[in-house]
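Below: the structure, in structure tokens.
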Amino acid sequence: MRRLIASLGLAALLITPAVAQPAPQANQAQGAQAQGGQNRQQARAAPARTLDAVRRRGHLLCGVNGSLVGFSAPDPAGQMRGLDADFCRAVAAAVFGDAEKVRFLPQLTVEGGLDALTARQIDVLARNATVTLSRDGSRPVIPTAVLFYDGMGFLVPRSLNVTSARQLRDKTVCWAGAAGPGTAGDALTAYGERHGLGLTIRRYEQPAQVVAAMEAGECHAFAADSGALVARRVTEFRVPENWLVLADIVSREPLSPFVRADDEDWRALVFWVMHVLTGAEYLGVSSANLIENLGNPDPRIRQMLAVEPGFGRTLRLPDNWAARVISTVGNYGEIFERNLGRQSVIGMDRGLNDQWTRGGLIYSFPTR
């Protein structure tokens with residue numbers, strides 16, 4: 001009987017209209033929250049409010065890589081899958097209560113994706129984009145929250161018999177991307193000079209070209225974000241067992257979804273979607289046990305699952321937005337494991353992308 005009641009409660013929770021409704025008889029604290037949200041919206045009013053535009057359109061426009069398995073790539077049925085793709089589904093679930101109300105627009109490069117974002121061709125860019133000072137300051141775009149902690153690593157053939165990047169002395173190291181300051185090429189050059197390696201550095205436009213060059217023996221090492229190398233080794237090289245991703249990490253690459261800088265309300269929405277995903281994992285709430293947690297006495301869980309009213313008001317979302325995200329997409333750990341981790345063909349360890357309680361860097365902000 002208790003499970004039936006909980007099930008009915010979840011059903012009611014998930015069919016609330018997508019437009020936030022004011023909670024009746026809000027207490028003093030809820031009234032203060034409402035006033036704070038109202039003031040914030042007035043102070044940060046943007047020329048064009050992204051949330052309103054997305055709602056009118058009926059779907060989210062998400063810029064992704066589109067060809068990197070584990071992050072964003074089509075499955076055999078043509079559905080976009082991966083960590084980045086599922087993050088955009090989480091945003092769609094928050095806005096519409098439907099994780100499938102999103103269209104994925106592949107972006108050939110990060111810079112091209114940022115251009116598309118600036119031109120309002122997409123609403124959010126989730127494309128392995130590193131947060132850097134030059135990127136943050138040179139365009140009218142802004143990062144939201146780190147979705148994946150990465151760093152430059154190296155993939156080498158096992159036949160090269162090296163176990164460390166410092167053994168790549170006088171070798172040809174190849175990378176892919178746009179030329180210019182602040183790129184992976186700069187980080188690679190700095191690393192080689194710092195350790196006196198005498199590297200020959202060769203740039204390609206696209207990662208697929210580097211994969212082909214590695215297979216042809218034209219490059220001794222492939223330098224890129226380590227997470228991408230782990231994924232490409234399994235999915236793009238003919239015999240994955242012949243290749244090794246070295247343990248060395250020679251740069252910091254915090255990868256974040258980006259939004260336009262002229263709409264703080266939208267940035268806040270995307271930011272808090274991420275922290276609900278990570279916070280749900282920290283609190284032990286998943287898509288599998290959401291029903292059971294409706295009766296959890298923990299006030300943090302009661303607030304997140306809209307047992308207590310007022311949770312969505314500040315973001316102009318229905319109170320049950322977080323519950324709908326978790327029920328349809330899962331928490332951060334679920335998303336990671338099915339796309340990159342033990343439930344995927346990639347089999348990546350969580351590493352830095354584990355909860356802080358297990359030695360990682362994932363630390364959710366309080367949603368109170």
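Here, A, B, ... name the chains of the structure tokens in the order displayed, residue numbers run from 1 inside each chain, and ligands are numbered from 1 in the same displayed order.
Neighbouring residues of Leu277 (chain A) at 10 Å or closer, counting only C-alpha atoms and skipping chain neighbours under 4 positions away, are A:Phe87, A:Ala90, A:Trp272, A:Val273, A:Glu281, A:Tyr282, A:Val285, A:Ser286, A:Ala322, A:Val325, A:Ile326, A:Val329, A:Gly330, A:Asn331, A:Tyr332, A:Gly333, A:Glu334, A:Ile335, A:Ser364.
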Go ahead and save the residues from that selection, with N, CA and C atoms, as a PDB file, in the first residue's frame.
```pdb
ATOM      1  N   PHE A  87      23.300  15.496 -20.976  1.00  0.00           N
ATOM      2  CA  PHE A  87      23.170  16.737 -20.214  1.00  0.00           C
ATOM      3  C   PHE A  87      22.129  17.643 -20.866  1.00  0.00           C
ATOM      4  N   ALA A  90      18.818  16.526 -19.992  1.00  0.00           N
ATOM      5  CA  ALA A  90      18.456  16.939 -18.635  1.00  0.00           C
ATOM      6  C   ALA A  90      17.905  18.360 -18.628  1.00  0.00           C
ATOM      7  N   TRP A 272      22.200  25.045 -12.499  1.00  0.00           N
ATOM      8  CA  TRP A 272      21.553  24.273 -11.442  1.00  0.00           C
ATOM      9  C   TRP A 272      21.080  22.910 -11.914  1.00  0.00           C
ATOM     10  N   VAL A 273      20.845  22.739 -13.203  1.00  0.00           N
ATOM     11  CA  VAL A 273      20.589  21.392 -13.716  1.00  0.00           C
ATOM     12  C   VAL A 273      21.788  20.498 -13.415  1.00  0.00           C
ATOM     13  N   GLU A 281      23.157  12.383  -6.982  1.00  0.00           N
ATOM     14  CA  GLU A 281      24.064  11.254  -6.756  1.00  0.00           C
ATOM     15  C   GLU A 281      24.624  11.284  -5.343  1.00  0.00           C
ATOM     16  N   TYR A 282      25.046  12.449  -4.889  1.00  0.00           N
ATOM     17  CA  TYR A 282      25.609  12.585  -3.542  1.00  0.00           C
ATOM     18  C   TYR A 282      24.596  12.163  -2.475  1.00  0.00           C
ATOM     19  N   VAL A 285      20.027   9.627  -4.525  1.00  0.00           N
ATOM     20  CA  VAL A 285      18.758   9.611  -5.256  1.00  0.00           C
ATOM     21  C   VAL A 285      19.041   9.305  -6.721  1.00  0.00           C
ATOM     22  N   SER A 286      18.369   8.300  -7.258  1.00  0.00           N
ATOM     23  CA  SER A 286      18.583   7.891  -8.642  1.00  0.00           C
ATOM     24  C   SER A 286      17.243   7.659  -9.323  1.00  0.00           C
ATOM     25  N   ALA A 322      13.334  19.093 -10.886  1.00  0.00           N
ATOM     26  CA  ALA A 322      14.465  18.212 -10.582  1.00  0.00           C
ATOM     27  C   ALA A 322      14.032  16.755 -10.565  1.00  0.00           C
ATOM     28  N   VAL A 325      13.874  15.577 -14.076  1.00  0.00           N
ATOM     29  CA  VAL A 325      15.217  15.352 -14.621  1.00  0.00           C
ATOM     30  C   VAL A 325      15.741  13.997 -14.169  1.00  0.00           C
ATOM     31  N   ILE A 326      15.676  13.737 -12.877  1.00  0.00           N
ATOM     32  CA  ILE A 326      16.228  12.495 -12.330  1.00  0.00           C
ATOM     33  C   ILE A 326      15.457  11.281 -12.842  1.00  0.00           C
ATOM     34  N   VAL A 329      16.448  11.073 -16.875  1.00  0.00           N
ATOM     35  CA  VAL A 329      17.853  11.031 -17.298  1.00  0.00           C
ATOM     36  C   VAL A 329      18.729  10.328 -16.267  1.00  0.00           C
ATOM     37  N   GLY A 330      18.333  10.379 -14.993  1.00  0.00           N
ATOM     38  CA  GLY A 330      19.149   9.806 -13.931  1.00  0.00           C
ATOM     39  C   GLY A 330      20.023  10.855 -13.283  1.00  0.00           C
ATOM     40  N   ASN A 331      20.823  10.433 -12.311  1.00  0.00           N
ATOM     41  CA  ASN A 331      21.770  11.357 -11.691  1.00  0.00           C
ATOM     42  C   ASN A 331      23.093  11.349 -12.460  1.00  0.00           C
ATOM     43  N   TYR A 332      24.056  12.147 -12.014  1.00  0.00           N
ATOM     44  CA  TYR A 332      25.317  12.266 -12.758  1.00  0.00           C
ATOM     45  C   TYR A 332      26.022  10.922 -12.876  1.00  0.00           C
ATOM     46  N   GLY A 333      26.038  10.151 -11.794  1.00  0.00           N
ATOM     47  CA  GLY A 333      26.702   8.852 -11.840  1.00  0.00           C
ATOM     48  C   GLY A 333      26.070   7.919 -12.849  1.00  0.00           C
ATOM     49  N   GLU A 334      24.744   7.910 -12.919  1.00  0.00           N
ATOM     50  CA  GLU A 334      24.060   7.071 -13.899  1.00  0.00           C
ATOM     51  C   GLU A 334      24.420   7.488 -15.321  1.00  0.00           C
ATOM     52  N   ILE A 335      24.433   8.796 -15.564  1.00  0.00           N
ATOM     53  CA  ILE A 335      24.766   9.300 -16.898  1.00  0.00           C
ATOM     54  C   ILE A 335      26.193   8.914 -17.268  1.00  0.00           C
ATOM     55  N   SER A 364      28.722  19.087  -5.398  1.00  0.00           N
ATOM     56  CA  SER A 364      27.506  19.813  -5.768  1.00  0.00           C
ATOM     57  C   SER A 364      27.250  20.971  -4.821  1.00  0.00           C
TER      58      SER A 364
END
```
**Study point:** Sel. of strand (DSSP E) residues, region 27-142 of chain A, as a list in words
**Key:**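 DSSP-assigned strand (DSSP E) residues in region 27-142 of chain A: Leu60, Leu61, Cys62, Gly63, Val64, Ala73, Pro74, Met80, Arg81, Val102, Arg103, Phe104, Leu105, Pro106, Val124, Leu125, Val141 and Ile142 of chain A.
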**Study point:** Counting only C-alpha atoms, the option among A:Pro240, A:Pro140, A:Ala178, A:Thr314 closest to Asp265 (chain A)
**Key:** A:Thr314
Practice item. Check the smallest atom-to-atom distance from each of A:Ser67, A:Thr183, A:Ser327, A:Thr130 to Thr235 (chain A) using only C-alpha atoms, then report the winner. Key: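 The answer is A:Ser67, which sits nearest to Thr235 (chain A).
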